[in-house]
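Working notes, beginning with the structure itself.
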Amino acid sequence: MIKKMIIALCYGFTAIAQAELVTDKQGHQISNNNLEVLLETAPVDAQKKLLNNKAQLNEQLEQLYLRKVVAEMAVNEGLDKQGLNVERLEAVRNNALFALKLDALRKSNNKDYTKYAQQLYFANQADYPVAARVDAAHILISTKKLSDAEALAKAGEIRQQLMQGANFNELALKESDDKTAKNNKGELGVFTSKQMVKPFSDVVFAMQVGEISEPVKTKYGYHLIKLNKIMPAGVKPFDEVKADIINKLKEKDWVTARTAFFAQIVKENEMQIKELAVDEFVVKKLDELESKATIK
């Protein structure tokens, strides 16, 4: 029974891997692998955006289909064997295979950079400064619908409730005009002074932990701020910069490895540039280009 279930699951995964996304009466098809190839050329965020937009996704599938059908037409008409087309197609293929080989070579680096990254971090801590930060929450009373005086009065009433022991997060959820309060209950998390408008930052960075501010006016309205935590300026923890350090080390090693790889190929194959032939081509091509420019 278990064996049958495993076989069924494997069959199911295989079916998904070979799914046809587009078909026509001529037997042309676009599979999920074709779409995968298209997606992998874009950043992850762009891929997600496309996958979540049905209309745009269908447009891309149609374009994939048209490229495939039109390419088949070109082959049937022998266009792939006319003039420079053979070399043009070979250049496209060579570029793709060149990129695949370099990608494989790059991924073959299994070196563990953690220890070296730590050494660089401790030797160059001045390169990883972090500004003073605070963790705070706020309640916003907007002046969009209330007059300035009304907003200030409401903020004052809410502060009085807080001074009498009311729960800050519960009041933020109930009273704050900041739309994010529905999800974060007023909690802003950790931020630097430059990440907030100046009047807000000036106040919160002068507060004591646990303190609740008087109403603070900004262009958004009046804020009641609660300071949760103070994090003085210093050096970023290793865990925060580890990935960046390792990526830079990998990139440096990759440049060295790639240069050596190319040099080895050139040397082992005794590659030579035939200067006379190149010069002759250049002269003829320049004359051709000059003639085209004159005709225009």
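In the structure tokens, chains take letters A, B, ... by order of appearance, with residues numbered from 1 within each chain and ligands from 1 in the order shown.
Neighbours of stretch 141-143 of chain A closer than or equal to 9 Å, with only C-alpha atoms counted and sequence neighbours fewer than 6 positions away skipped, come out as A:Ala149, A:Glu150, A:Ala151, A:Leu152, A:Lys154, A:Ala155, A:Glu175, A:Ser176, A:Asp177, A:Asp178, A:Lys219, A:Tyr220, A:Gly221, A:Tyr222, A:His223, A:Leu224.
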Give me the residues within 7 Å of A:Ala137 as an MDAnalysis selection string, counting only C-alpha atoms and dropping any in the same chain fewer than 4 places off. chainID A and resid 186:188 225:227
Atoms to include: all heavy atoms. Write the selected residues as a compact mmCIF listing (two decimals), in the first residue's frame.
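Result saved to selection-v2.txt:
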# COMPACT_ATOMS: atom_id res chain seq x y z
N GLY A 186 0.29 49.96 16.93
CA GLY A 186 1.10 51.14 17.22
C GLY A 186 2.58 50.91 17.30
O GLY A 186 3.36 51.88 17.37
N GLU A 187 3.03 49.67 17.32
CA GLU A 187 4.45 49.38 17.46
C GLU A 187 5.20 49.71 16.16
O GLU A 187 4.90 49.17 15.11
CB GLU A 187 4.67 47.91 17.83
CG GLU A 187 4.11 47.51 19.18
CD GLU A 187 4.85 48.19 20.33
OE1 GLU A 187 6.02 48.61 20.14
OE2 GLU A 187 4.27 48.28 21.43
N LEU A 188 6.20 50.58 16.27
CA LEU A 188 6.96 51.00 15.10
C LEU A 188 8.22 50.18 14.90
O LEU A 188 8.85 50.25 13.85
CB LEU A 188 7.34 52.48 15.24
CG LEU A 188 6.16 53.46 15.28
CD1 LEU A 188 6.66 54.86 15.64
CD2 LEU A 188 5.43 53.49 13.95
N ILE A 225 3.85 59.19 21.93
CA ILE A 225 4.94 58.25 21.71
C ILE A 225 5.30 57.54 23.01
O ILE A 225 5.42 58.16 24.07
CB ILE A 225 6.20 58.98 21.18
CG1 ILE A 225 5.85 59.83 19.97
CG2 ILE A 225 7.29 57.96 20.84
CD1 ILE A 225 6.96 60.77 19.54
N LYS A 226 5.49 56.23 22.91
CA LYS A 226 5.98 55.45 24.04
C LYS A 226 7.33 54.85 23.66
O LYS A 226 7.44 54.18 22.63
CB LYS A 226 5.00 54.32 24.40
CG LYS A 226 5.48 53.47 25.57
CD LYS A 226 4.53 52.31 25.84
CE LYS A 226 5.05 51.43 26.98
NZ LYS A 226 4.19 50.25 27.21
N LEU A 227 8.35 55.11 24.47
CA LEU A 227 9.67 54.58 24.19
C LEU A 227 9.86 53.23 24.86
O LEU A 227 9.75 53.11 26.08
CB LEU A 227 10.75 55.56 24.68
CG LEU A 227 12.20 55.15 24.41
CD1 LEU A 227 12.45 55.00 22.92
CD2 LEU A 227 13.16 56.15 25.02
Neighbour list for A:Gln160 as a list in words, cut-off 12 Å, only C-alpha atoms, skip fewer than 4 positions in-chain: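 Listed by chain and then number, they are Ala153, Lys154, Ala155, Gly156, Gln164, Gly165, Ala166, Asn167, Phe168, Leu171, Ile212, Ser213, Glu214, Pro215 and Leu224 of chain A.
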Pick out the closest residue to A:Phe262 from this set: A:Leu286, A:Leu105, A:Ala206, A:Leu146. Count only C-alpha atoms.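 Closest to A:Phe262 of all the choices is A:Leu105.
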